[in-house]
Every structure is written in C-alpha cells, then in structure tokens.
Amino acid sequence: MLFTGSTSIITVIERRHTDLQFRHEVKHEISNQDMLVLRQRLRSVMQPDSHAINGRYKIRSLYFDNLDDKVLREKLDGINVREKYRIRLYNDDSSVIHLERKFKSGGLGFKETAALTKEQALAIARGEVDWMAGSEEEVIRSFYSRLRNEGLKAKVIVDYIREPFVFAPGNVRVTLDHSIRTGISSTDFLNPDCITVPIPDSPCILEVKWDKYLPDVIRALVQLEGRHSTAFSKYAASRMYD
C-alpha cells in the first residue's frame with residue numbers, strides 16, 4: 001500500500017536552509033498498466049496543470065556534478081540531506097529556461113529557481129561562468145560558488161514526458177513521468193536534434209507532492225497494491241553509460 005504514514009517534520013537541515021518551505025515528496029516506480037489506471041483515476045478528480053498541452057509536456061534537464069560525482073554518489077549512498085543543480089526547459093522552448101536548485105531531506109523537498117536567457121544557459125554549459133558572480137539572483141550566485149569551489153560541470157541530459165495533475169486543497173501535485181531518455185555524454189541540451197536514447201527497463205514514475213496534509217481523496221486515488229517508495233533517480237539512471 002502507498003502512503004501508509006505521514007512524513008515527519010524536517011529535523012536535520014543545514015543551518016542556512018532552515019527558513020525554506022519544504023514540501024512532502026513521495027515517489028514510486030509503477031508499470032505501464034499502473035499508469036493507465038492512475039491516469040483515469042486522476043482525471044476524474046484532479047485538474048491538469050495549466051502549463052500542460054493535451055495533458056502533458058516534455059521536460060529536458062541538464063544535470064551538473066563534480067569530478068568525483070558527488071551528487072551521484074550521495075544519491076546512490078542514500079545520503080539524507082542533499083543539494084543538486086540542473087538547468088531545465090519544457091517542450092524544447094528555449095524562450096523559458098530555468099536554473100533550479102533542489103534540496104532534499106528524507107521525504108521532504110524544496111526547489112528554488114532563477115530564469116536564464118538562452119545565451120546564459122549555453123555559456124554555463126560551456127563552462128563560461130564568470131558573469132554569474134555579479135548576478136542579482138541568489139540561486140545563480142550560489143551555483144557560481146559551487147562551480148568554482150567544487151568543480152561542478154555539465155554531465156548529462158535527461159529527457160522525459162510528464163503528465164501533471166493538481167488539487168488545490170493541500171496544494172497537491174501528482175505527476176506521471178515516463179519515456180525517460182538520456183543524452184549519454186552530450187550536453188548540447190538546447191539542440192532539439194540532440195540524440196538521446198531510451199534508458200533500458202526504465203519504469204514509469206508516480207510522484208506525489210503536498211504541503212501540510214494530503215487529502216484522503218487523493219491518498220485513496222494513488223493507492224496501488226504492492227507498490228513501495230523508491231529511490232529511483234532519473235539522473236542516476238542516465239549515467240549508466242559513463
């Protein structure tokens with residue numbers, strides 16, 4: 001059964017991050033059949049995300065890590081408190097690009113974003129980052145510090161299709177992610193013709209996010225027998241070709 005208990009309030013987090021508004025996040029690997037069932041259930045109660053086109057959109061992310069693969073190793077080792085950076089765009093639309101900083105602590109997560117121009121995003125991917133030091137955006141300055149101090153570099157492209165649903169009470173967001181692909185070692189993420197390949201045996205991913213409470217109606221909708229929380233990482237799976 002899914003969601004048999006609530007996640008406790010965050011107790012351990014880096015001091016400089018204690019003012020962040022974390023959200024509950026639960027992720028499960030599901031089958032294609034599960035996805036078909038859930039899609040129908042969710043449509044009956046929840047609304048599609050306003051940014052979706054025909055109920056879905058394509059996500060492309062460019063992930064960063066250092067020479068020791070710190071981000072990858074922390075994920076694989078199950079480190080409780082983690083931080084990662086990625087650049088993301090939707091439906092190959094380079095007019096809206098975001099730099100994202102994601103914090104995780106157990107079953108809680110928080111994301112901060114900063115808008116990037118196409119030229120800025122390409123410069124970061126090439127390692128041309130000195131301009132970031134003078135940015136007014138704290139997320140960009142923090143990323144610059146990590147790039148300089150830890151040697152972060154663009155590592156891999158991850159593509160997938162997302163079907164997002166929202167529910168106002170509890171500020172709930174449920175997503176179905178599938179068709180996960182990797183750019184192998186390519187970082188040419190603004191090129192819509194960049195070659196990506198399917199990740200073998202990649203599952204569909206059900207993810208549920210909410211603020212202080214998960215309404216019972218949503219909890220009931222996403223119940224699937226025999227499914228358990230998963231540590232599946234699109235980034236980690238995409239690095240299998242390294």
# chains A, B, ... in the order shown; residues from 1 in each chain; ligands from 1
$ residues_around --residues "range 82-87 of chain A" --least-positions-apart "3" --cutoff "7 Å" --atoms "only C-alpha atoms" --output "compact mmCIF listing (two decimals) with N, CA, C and O atoms, in the first residue's frame"
# COMPACT_ATOMS: atom_id res chain seq x y z
N SER A 61 16.34 18.23 -18.91
CA SER A 61 17.18 18.76 -17.85
C SER A 61 18.65 18.49 -18.16
O SER A 61 19.00 17.42 -18.68
N LEU A 62 19.48 19.44 -17.82
CA LEU A 62 20.93 19.28 -17.89
C LEU A 62 21.45 19.26 -16.46
O LEU A 62 21.30 20.25 -15.73
N TYR A 63 22.01 18.12 -16.04
CA TYR A 63 22.45 17.95 -14.66
C TYR A 63 23.95 18.24 -14.53
O TYR A 63 24.72 18.03 -15.47
N PHE A 64 24.33 18.66 -13.31
CA PHE A 64 25.71 19.03 -13.01
C PHE A 64 26.24 18.19 -11.86
O PHE A 64 25.51 17.85 -10.93
N VAL A 71 27.22 14.32 -6.42
CA VAL A 71 25.76 14.27 -6.43
C VAL A 71 25.28 12.85 -6.69
O VAL A 71 24.36 12.35 -6.02
N ILE A 79 22.34 9.33 1.06
CA ILE A 79 22.59 10.44 1.97
C ILE A 79 21.29 11.22 2.19
O ILE A 79 20.59 11.56 1.24
N HIS A 98 15.10 27.61 -16.94
CA HIS A 98 15.29 27.83 -15.51
C HIS A 98 16.53 27.10 -15.00
O HIS A 98 16.78 25.95 -15.37
N LEU A 99 17.26 27.79 -14.15
CA LEU A 99 18.26 27.14 -13.31
C LEU A 99 17.55 26.75 -12.02
O LEU A 99 16.87 27.58 -11.41
N GLU A 100 17.66 25.49 -11.62
CA GLU A 100 16.98 25.01 -10.43
C GLU A 100 17.97 24.48 -9.41
O GLU A 100 18.92 23.77 -9.75
N ARG A 101 17.73 24.85 -8.16
CA ARG A 101 18.48 24.29 -7.03
C ARG A 101 17.49 23.50 -6.19
O ARG A 101 16.49 24.03 -5.72
N LYS A 102 17.76 22.20 -6.03
CA LYS A 102 16.83 21.32 -5.32
C LYS A 102 17.47 20.81 -4.04
O LYS A 102 18.58 20.28 -4.06
N PHE A 103 16.77 21.01 -2.93
CA PHE A 103 17.19 20.47 -1.64
C PHE A 103 16.32 19.26 -1.31
O PHE A 103 15.12 19.28 -1.57
N LYS A 104 16.92 18.23 -0.74
CA LYS A 104 16.18 17.07 -0.28
C LYS A 104 16.61 16.72 1.13
O LYS A 104 17.80 16.75 1.46
N SER A 105 15.64 16.40 1.98
CA SER A 105 15.94 15.88 3.31
C SER A 105 14.90 14.81 3.61
O SER A 105 13.75 15.11 3.92
$ residues_around --residues "Ser31 in chain A" --least-positions-apart "6" --cutoff "12 Å" --atoms "only C-alpha atoms" --output "ChimeraX atom specification"
/A:37-38,176-179,201-206,224,226-227
$ write_last_selection --atoms "all heavy atoms" --output "mmCIF file, in the first residue's frame"
data_model
loop_
_atom_site.group_PDB
_atom_site.id
_atom_site.type_symbol
_atom_site.label_atom_id
_atom_site.label_comp_id
_atom_site.auth_asym_id
_atom_site.auth_seq_id
_atom_site.Cartn_x
_atom_site.Cartn_y
_atom_site.Cartn_z
ATOM 1 N N VAL A 37 -4.159 3.026 -15.352
ATOM 2 C CA VAL A 37 -5.195 3.046 -14.318
ATOM 3 C C VAL A 37 -5.187 4.370 -13.569
ATOM 4 O O VAL A 37 -6.234 5.003 -13.373
ATOM 5 C CB VAL A 37 -4.991 1.868 -13.336
ATOM 6 C CG1 VAL A 37 -5.926 2.004 -12.134
ATOM 7 C CG2 VAL A 37 -5.212 0.540 -14.040
ATOM 8 N N LEU A 38 -4.002 4.815 -13.172
ATOM 9 C CA LEU A 38 -3.889 6.055 -12.410
ATOM 10 C C LEU A 38 -4.315 7.265 -13.235
ATOM 11 O O LEU A 38 -4.947 8.191 -12.712
ATOM 12 C CB LEU A 38 -2.454 6.240 -11.914
ATOM 13 C CG LEU A 38 -2.051 5.390 -10.714
ATOM 14 C CD1 LEU A 38 -0.550 5.488 -10.488
ATOM 15 C CD2 LEU A 38 -2.801 5.832 -9.468
ATOM 16 N N LEU A 176 2.930 11.901 -13.427
ATOM 17 C CA LEU A 176 3.279 10.614 -14.019
ATOM 18 C C LEU A 176 4.383 10.883 -15.039
ATOM 19 O O LEU A 176 4.163 11.588 -16.022
ATOM 20 C CB LEU A 176 2.061 9.993 -14.710
ATOM 21 C CG LEU A 176 0.834 9.742 -13.841
ATOM 22 C CD1 LEU A 176 -0.346 9.299 -14.701
ATOM 23 C CD2 LEU A 176 1.137 8.699 -12.769
ATOM 24 N N ASP A 177 5.567 10.348 -14.798
ATOM 25 C CA ASP A 177 6.714 10.547 -15.691
ATOM 26 C C ASP A 177 7.033 9.246 -16.409
ATOM 27 O O ASP A 177 7.060 8.174 -15.800
ATOM 28 C CB ASP A 177 7.946 10.998 -14.904
ATOM 29 C CG ASP A 177 7.763 12.358 -14.258
ATOM 30 O OD1 ASP A 177 6.847 13.098 -14.661
ATOM 31 O OD2 ASP A 177 8.536 12.685 -13.332
ATOM 32 N N HIS A 178 7.297 9.341 -17.706
ATOM 33 C CA HIS A 178 7.597 8.139 -18.478
ATOM 34 C C HIS A 178 8.413 8.506 -19.717
ATOM 35 O O HIS A 178 8.715 9.679 -19.955
ATOM 36 C CB HIS A 178 6.307 7.422 -18.883
ATOM 37 C CG HIS A 178 5.332 8.275 -19.645
ATOM 38 N ND1 HIS A 178 5.341 8.393 -21.012
ATOM 39 C CD2 HIS A 178 4.316 9.070 -19.219
ATOM 40 C CE1 HIS A 178 4.383 9.200 -21.408
ATOM 41 N NE2 HIS A 178 3.733 9.638 -20.335
ATOM 42 N N SER A 179 8.794 7.506 -20.489
ATOM 43 C CA SER A 179 9.599 7.691 -21.707
ATOM 44 C C SER A 179 10.906 8.417 -21.386
ATOM 45 O O SER A 179 11.277 9.390 -22.035
ATOM 46 C CB SER A 179 8.799 8.468 -22.763
ATOM 47 O OG SER A 179 7.556 7.862 -23.034
ATOM 48 N N ASP A 201 14.616 -0.566 -19.622
ATOM 49 C CA ASP A 201 13.821 -1.026 -18.474
ATOM 50 C C ASP A 201 13.475 0.094 -17.494
ATOM 51 O O ASP A 201 13.209 -0.174 -16.321
ATOM 52 C CB ASP A 201 14.563 -2.145 -17.717
ATOM 53 C CG ASP A 201 14.853 -3.342 -18.605
ATOM 54 O OD1 ASP A 201 13.975 -3.713 -19.393
ATOM 55 O OD2 ASP A 201 15.969 -3.885 -18.499
ATOM 56 N N SER A 202 13.494 1.336 -17.973
ATOM 57 C CA SER A 202 13.138 2.420 -17.061
ATOM 58 C C SER A 202 11.644 2.343 -16.744
ATOM 59 O O SER A 202 10.820 2.108 -17.627
ATOM 60 C CB SER A 202 13.467 3.781 -17.673
ATOM 61 O OG SER A 202 12.674 4.023 -18.812
ATOM 62 N N PRO A 203 11.277 2.516 -15.483
ATOM 63 C CA PRO A 203 9.872 2.428 -15.098
ATOM 64 C C PRO A 203 9.138 3.728 -15.380
ATOM 65 O O PRO A 203 9.737 4.735 -15.768
ATOM 66 C CB PRO A 203 9.957 2.179 -13.593
ATOM 67 C CG PRO A 203 11.186 2.962 -13.193
ATOM 68 C CD PRO A 203 12.160 2.799 -14.346
ATOM 69 N N CYS A 204 7.847 3.705 -15.203
ATOM 70 C CA CYS A 204 7.096 4.952 -15.064
ATOM 71 C C CYS A 204 7.230 5.377 -13.601
ATOM 72 O O CYS A 204 7.384 4.538 -12.714
ATOM 73 C CB CYS A 204 5.627 4.741 -15.418
ATOM 74 S SG CYS A 204 5.352 4.085 -17.077
ATOM 75 N N ILE A 205 7.182 6.672 -13.376
ATOM 76 C CA ILE A 205 7.369 7.193 -12.027
ATOM 77 C C ILE A 205 6.133 7.975 -11.605
ATOM 78 O O ILE A 205 5.724 8.924 -12.280
ATOM 79 C CB ILE A 205 8.607 8.095 -11.928
ATOM 80 C CG1 ILE A 205 9.857 7.357 -12.388
ATOM 81 C CG2 ILE A 205 8.776 8.624 -10.509
ATOM 82 C CD1 ILE A 205 10.231 6.169 -11.525
ATOM 83 N N LEU A 206 5.539 7.564 -10.492
ATOM 84 C CA LEU A 206 4.472 8.323 -9.851
ATOM 85 C C LEU A 206 5.094 9.152 -8.738
ATOM 86 O O LEU A 206 5.809 8.620 -7.887
ATOM 87 C CB LEU A 206 3.421 7.378 -9.268
ATOM 88 C CG LEU A 206 2.477 7.963 -8.216
ATOM 89 C CD1 LEU A 206 1.520 8.975 -8.836
ATOM 90 C CD2 LEU A 206 1.691 6.844 -7.511
ATOM 91 N N LEU A 224 -1.939 1.782 -4.790
ATOM 92 C CA LEU A 224 -1.700 0.629 -5.657
ATOM 93 C C LEU A 224 -1.092 -0.478 -4.804
ATOM 94 O O LEU A 224 -0.071 -0.265 -4.142
ATOM 95 C CB LEU A 224 -0.742 0.986 -6.798
ATOM 96 C CG LEU A 224 -1.262 1.935 -7.877
ATOM 97 C CD1 LEU A 224 -0.109 2.367 -8.776
ATOM 98 C CD2 LEU A 224 -2.355 1.276 -8.702
ATOM 99 N N GLY A 226 1.062 -3.394 -3.493
ATOM 100 C CA GLY A 226 2.382 -3.923 -3.783
ATOM 101 C C GLY A 226 3.395 -2.922 -4.273
ATOM 102 O O GLY A 226 4.491 -3.296 -4.671
ATOM 103 N N ARG A 227 3.051 -1.622 -4.273
ATOM 104 C CA ARG A 227 3.999 -0.600 -4.709
ATOM 105 C C ARG A 227 4.576 0.110 -3.484
ATOM 106 O O ARG A 227 3.862 0.425 -2.547
ATOM 107 C CB ARG A 227 3.328 0.421 -5.630
ATOM 108 C CG ARG A 227 2.677 -0.192 -6.861
ATOM 109 C CD ARG A 227 3.703 -0.874 -7.761
ATOM 110 N NE ARG A 227 3.079 -1.393 -8.962
ATOM 111 C CZ ARG A 227 2.647 -2.627 -9.092
ATOM 112 N NH1 ARG A 227 2.771 -3.468 -8.083
ATOM 113 N NH2 ARG A 227 2.102 -3.031 -10.222
#
$ closest_residue --among "A:Gln40, A:Gln21, A:Ser238, A:Asn32" --to "Val222 in chain A" --atoms "only C-alpha atoms"
A:Gln40
$ residues_around --residues "Ala154 in chain A" --least-positions-apart "2" --cutoff "9 Å" --atoms "only C-alpha atoms" --output "list in words"
Leu62, Tyr63, Phe64, Asp65, Asn66, Arg86, Ile124, Ala125, Arg126, Gly127, Leu152, Val156, Ile157 and Thr187 of chain A
$ write_last_selection --atoms "C-alpha atoms" --output "mmCIF file, in the first residue's frame"
data_model
loop_
_atom_site.group_PDB
_atom_site.id
_atom_site.type_symbol
_atom_site.label_atom_id
_atom_site.label_comp_id
_atom_site.auth_asym_id
_atom_site.auth_seq_id
_atom_site.Cartn_x
_atom_site.Cartn_y
_atom_site.Cartn_z
ATOM 1 C CA LEU A 62 20.933 19.275 -17.891
ATOM 2 C CA TYR A 63 22.455 17.949 -14.661
ATOM 3 C CA PHE A 64 25.709 19.033 -13.015
ATOM 4 C CA ASP A 65 28.177 17.132 -10.862
ATOM 5 C CA ASN A 66 31.843 17.351 -9.882
ATOM 6 C CA ARG A 86 20.081 21.476 -13.037
ATOM 7 C CA ILE A 124 27.085 27.794 -18.335
ATOM 8 C CA ALA A 125 27.060 24.553 -20.326
ATOM 9 C CA ARG A 126 30.363 25.620 -21.958
ATOM 10 C CA GLY A 127 31.899 26.477 -18.580
ATOM 11 C CA LEU A 152 30.775 21.276 -10.933
ATOM 12 C CA VAL A 156 24.246 14.623 -18.845
ATOM 13 C CA ILE A 157 20.918 15.426 -20.494
ATOM 14 C CA THR A 187 25.482 18.403 -23.006
#
$ closest_residue --among "A:Ala236, A:Leu67, A:Val197, A:Leu190" --to "Gln120 in chain A" --atoms "only C-alpha atoms"
A:Leu190
$ closest_residue --among "A:Leu214, A:Leu116, A:Cys194, A:Ile59" --to "Ile180 in chain A" --atoms "only C-alpha atoms"
A:Ile59
$ residues_around --residues "range 143-150 of chain A" --least-positions-apart "5" --cutoff "7 Å" --atoms "only C-alpha atoms" --output "list of chain:residue names"
A:Asn66, A:Val129, A:Met132, A:Ala133
$ write_last_selection --atoms "N, CA and C atoms" --output "compact mmCIF listing (two decimals), in the first residue's frame"
# COMPACT_ATOMS: atom_id res chain seq x y z
N ASN A 66 30.41 17.07 -9.87
CA ASN A 66 31.84 17.35 -9.88
C ASN A 66 32.62 16.14 -10.39
N VAL A 129 31.48 31.03 -16.90
CA VAL A 129 30.61 31.33 -15.76
C VAL A 129 30.99 32.58 -14.98
N MET A 132 28.38 35.11 -13.73
CA MET A 132 27.42 34.72 -12.70
C MET A 132 27.72 35.37 -11.35
N ALA A 133 28.97 35.72 -11.12
CA ALA A 133 29.36 36.28 -9.82
C ALA A 133 28.64 37.58 -9.52
$ select_by_dssp --residues "range 8-234 of chain A" --states "alpha helix (DSSP H)" --output "ChimeraX atom specification"
/A:32-45,70-76,118-126,138-150,216-221,234
$ write_last_selection --atoms "N, CA and C atoms" --output "tab-separated table (two decimals), in the first residue's frame"
chain	number	residue	atom	x	y	z
A	32	ASN	N	3.50	0.30	-16.76
A	32	ASN	CA	2.67	0.97	-17.76
A	32	ASN	C	1.19	0.76	-17.48
A	33	GLN	N	0.83	-0.45	-17.03
A	33	GLN	CA	-0.57	-0.72	-16.70
A	33	GLN	C	-1.01	0.13	-15.52
A	34	ASP	N	-0.16	0.25	-14.51
A	34	ASP	CA	-0.47	1.11	-13.38
A	34	ASP	C	-0.74	2.54	-13.85
A	35	MET	N	0.09	3.01	-14.77
A	35	MET	CA	-0.05	4.39	-15.24
A	35	MET	C	-1.39	4.59	-15.94
A	36	LEU	N	-1.81	3.63	-16.73
A	36	LEU	CA	-3.09	3.74	-17.41
A	36	LEU	C	-4.23	3.84	-16.41
A	37	VAL	N	-4.16	3.03	-15.35
A	37	VAL	CA	-5.20	3.05	-14.32
A	37	VAL	C	-5.19	4.37	-13.57
A	38	LEU	N	-4.00	4.82	-13.17
A	38	LEU	CA	-3.89	6.05	-12.41
A	38	LEU	C	-4.32	7.26	-13.23
A	39	ARG	N	-3.95	7.27	-14.50
A	39	ARG	CA	-4.32	8.40	-15.36
A	39	ARG	C	-5.83	8.61	-15.35
A	40	GLN	N	-6.59	7.55	-15.45
A	40	GLN	CA	-8.04	7.66	-15.45
A	40	GLN	C	-8.56	8.11	-14.08
A	41	ARG	N	-7.99	7.58	-13.02
A	41	ARG	CA	-8.41	7.99	-11.67
A	41	ARG	C	-8.16	9.47	-11.43
A	42	LEU	N	-6.95	9.90	-11.78
A	42	LEU	CA	-6.57	11.27	-11.51
A	42	LEU	C	-7.41	12.26	-12.30
A	43	ARG	N	-7.71	11.93	-13.55
A	43	ARG	CA	-8.52	12.80	-14.39
A	43	ARG	C	-9.92	13.00	-13.82
A	44	SER	N	-10.40	12.03	-13.06
A	44	SER	CA	-11.76	12.11	-12.53
A	44	SER	C	-11.88	13.09	-11.37
A	45	VAL	N	-10.76	13.42	-10.72
A	45	VAL	CA	-10.80	14.27	-9.51
A	45	VAL	C	-9.92	15.51	-9.62
A	70	LYS	N	29.96	13.65	-6.87
A	70	LYS	CA	29.42	13.79	-5.52
A	70	LYS	C	27.90	13.65	-5.49
A	71	VAL	N	27.22	14.32	-6.42
A	71	VAL	CA	25.76	14.27	-6.43
A	71	VAL	C	25.28	12.85	-6.69
A	72	LEU	N	25.91	12.19	-7.65
A	72	LEU	CA	25.53	10.81	-7.97
A	72	LEU	C	25.78	9.88	-6.79
A	73	ARG	N	26.95	10.01	-6.18
A	73	ARG	CA	27.30	9.12	-5.07
A	73	ARG	C	26.40	9.34	-3.86
A	74	GLU	N	26.06	10.59	-3.57
A	74	GLU	CA	25.16	10.86	-2.44
A	74	GLU	C	23.79	10.23	-2.66
A	75	LYS	N	23.32	10.26	-3.91
A	75	LYS	CA	22.03	9.64	-4.22
A	75	LYS	C	22.12	8.13	-4.06
A	76	LEU	N	23.15	7.51	-4.62
A	76	LEU	CA	23.28	6.06	-4.56
A	76	LEU	C	23.53	5.57	-3.14
A	118	LYS	N	18.77	32.19	-23.13
A	118	LYS	CA	19.38	31.13	-23.91
A	118	LYS	C	20.89	31.28	-23.92
A	119	GLU	N	21.37	32.51	-24.07
A	119	GLU	CA	22.81	32.76	-24.12
A	119	GLU	C	23.47	32.41	-22.79
A	120	GLN	N	22.81	32.76	-21.67
A	120	GLN	CA	23.37	32.45	-20.36
A	120	GLN	C	23.44	30.94	-20.14
A	121	ALA	N	22.39	30.23	-20.51
A	121	ALA	CA	22.36	28.78	-20.34
A	121	ALA	C	23.46	28.11	-21.16
A	122	LEU	N	23.65	28.56	-22.39
A	122	LEU	CA	24.70	27.99	-23.23
A	122	LEU	C	26.08	28.29	-22.66
A	123	ALA	N	26.25	29.49	-22.11
A	123	ALA	CA	27.54	29.86	-21.52
A	123	ALA	C	27.86	28.95	-20.33
A	124	ILE	N	26.87	28.68	-19.48
A	124	ILE	CA	27.08	27.79	-18.34
A	124	ILE	C	27.47	26.40	-18.81
A	125	ALA	N	26.76	25.89	-19.81
A	125	ALA	CA	27.06	24.55	-20.33
A	125	ALA	C	28.48	24.47	-20.87
A	126	ARG	N	28.99	25.59	-21.43
A	126	ARG	CA	30.36	25.62	-21.96
A	126	ARG	C	31.40	25.87	-20.88
A	138	GLU	N	20.17	35.10	-6.18
A	138	GLU	CA	20.94	34.35	-5.21
A	138	GLU	C	21.21	32.92	-5.67
A	139	VAL	N	20.25	32.32	-6.38
A	139	VAL	CA	20.44	30.96	-6.87
A	139	VAL	C	21.59	30.90	-7.85
A	140	ILE	N	21.70	31.89	-8.71
A	140	ILE	CA	22.79	31.92	-9.69
A	140	ILE	C	24.13	32.13	-8.99
A	141	ARG	N	24.18	33.05	-8.01
A	141	ARG	CA	25.44	33.27	-7.29
A	141	ARG	C	25.85	32.03	-6.51
A	142	SER	N	24.89	31.35	-5.90
A	142	SER	CA	25.20	30.13	-5.16
A	142	SER	C	25.73	29.04	-6.09
A	143	PHE	N	25.12	28.93	-7.26
A	143	PHE	CA	25.58	27.95	-8.24
A	143	PHE	C	27.00	28.29	-8.69
A	144	TYR	N	27.26	29.57	-8.91
A	144	TYR	CA	28.61	30.01	-9.31
A	144	TYR	C	29.63	29.59	-8.26
A	145	SER	N	29.28	29.76	-6.98
A	145	SER	CA	30.18	29.36	-5.91
A	145	SER	C	30.48	27.87	-5.96
A	146	ARG	N	29.45	27.07	-6.21
A	146	ARG	CA	29.64	25.63	-6.30
A	146	ARG	C	30.48	25.25	-7.53
A	147	LEU	N	30.23	25.94	-8.63
A	147	LEU	CA	31.01	25.68	-9.84
A	147	LEU	C	32.49	25.93	-9.59
A	148	ARG	N	32.79	27.04	-8.92
A	148	ARG	CA	34.19	27.42	-8.68
A	148	ARG	C	34.83	26.59	-7.57
A	149	ASN	N	34.11	26.36	-6.49
A	149	ASN	CA	34.71	25.71	-5.32
A	149	ASN	C	34.71	24.19	-5.40
A	150	GLU	N	33.73	23.62	-6.10
A	150	GLU	CA	33.62	22.16	-6.15
A	150	GLU	C	33.87	21.59	-7.54
A	216	ASP	N	-7.56	12.91	1.93
A	216	ASP	CA	-7.88	11.49	1.85
A	216	ASP	C	-8.29	11.07	0.45
A	217	VAL	N	-8.98	11.96	-0.28
A	217	VAL	CA	-9.44	11.59	-1.61
A	217	VAL	C	-8.27	11.34	-2.55
A	218	ILE	N	-7.20	12.11	-2.40
A	218	ILE	CA	-6.01	11.90	-3.23
A	218	ILE	C	-5.24	10.69	-2.75
A	219	ARG	N	-5.15	10.52	-1.44
A	219	ARG	CA	-4.47	9.35	-0.89
A	219	ARG	C	-5.10	8.06	-1.42
A	220	ALA	N	-6.44	8.06	-1.50
A	220	ALA	CA	-7.14	6.88	-2.00
A	220	ALA	C	-6.91	6.68	-3.50
A	221	LEU	N	-6.86	7.78	-4.25
A	221	LEU	CA	-6.69	7.69	-5.70
A	221	LEU	C	-5.38	7.01	-6.08
A	234	LYS	N	16.26	9.64	-12.04
A	234	LYS	CA	16.44	9.80	-13.49
A	234	LYS	C	17.89	10.16	-13.81
$ select_by_dssp --residues "range 131-209 of chain A" --states "strand (DSSP E or B)" --output "PyMOL selection string"
chain A and resi 153-167+172-182+197-198+204-209
$ atom_distance --atom1 "CA of Glu25 in chain A" --atom2 "CA of Thr117 in chain A"
29.5 Å
$ decode --residues "range 144-168 of chain A" --atoms "C-alpha atoms" --output "PDB file, in the first residue's frame"
ATOM      1  CA  TYR A 144      28.607  30.007  -9.307  1.00  0.00           C
ATOM      2  CA  SER A 145      30.179  29.364  -5.909  1.00  0.00           C
ATOM      3  CA  ARG A 146      29.643  25.625  -6.297  1.00  0.00           C
ATOM      4  CA  LEU A 147      31.012  25.678  -9.838  1.00  0.00           C
ATOM      5  CA  ARG A 148      34.186  27.415  -8.678  1.00  0.00           C
ATOM      6  CA  ASN A 149      34.707  25.707  -5.319  1.00  0.00           C
ATOM      7  CA  GLU A 150      33.624  22.163  -6.149  1.00  0.00           C
ATOM      8  CA  GLY A 151      34.327  21.997  -9.868  1.00  0.00           C
ATOM      9  CA  LEU A 152      30.775  21.276 -10.933  1.00  0.00           C
ATOM     10  CA  LYS A 153      30.390  20.652 -14.669  1.00  0.00           C
ATOM     11  CA  ALA A 154      27.557  19.755 -17.020  1.00  0.00           C
ATOM     12  CA  LYS A 155      27.262  15.958 -17.002  1.00  0.00           C
ATOM     13  CA  VAL A 156      24.246  14.623 -18.845  1.00  0.00           C
ATOM     14  CA  ILE A 157      20.918  15.426 -20.494  1.00  0.00           C
ATOM     15  CA  VAL A 158      17.756  13.712 -19.260  1.00  0.00           C
ATOM     16  CA  ASP A 159      14.517  13.822 -21.275  1.00  0.00           C
ATOM     17  CA  TYR A 160      11.105  12.514 -20.273  1.00  0.00           C
ATOM     18  CA  ILE A 161       7.371  13.069 -20.661  1.00  0.00           C
ATOM     19  CA  ARG A 162       5.414  14.368 -17.659  1.00  0.00           C
ATOM     20  CA  GLU A 163       1.662  14.229 -17.101  1.00  0.00           C
ATOM     21  CA  PRO A 164       0.911  16.644 -14.223  1.00  0.00           C
ATOM     22  CA  PHE A 165      -2.251  16.946 -12.116  1.00  0.00           C
ATOM     23  CA  VAL A 166      -3.073  19.488  -9.398  1.00  0.00           C
ATOM     24  CA  PHE A 167      -5.530  19.662  -6.487  1.00  0.00           C
ATOM     25  CA  ALA A 168      -5.955  22.912  -4.539  1.00  0.00           C
TER      26      ALA A 168
END
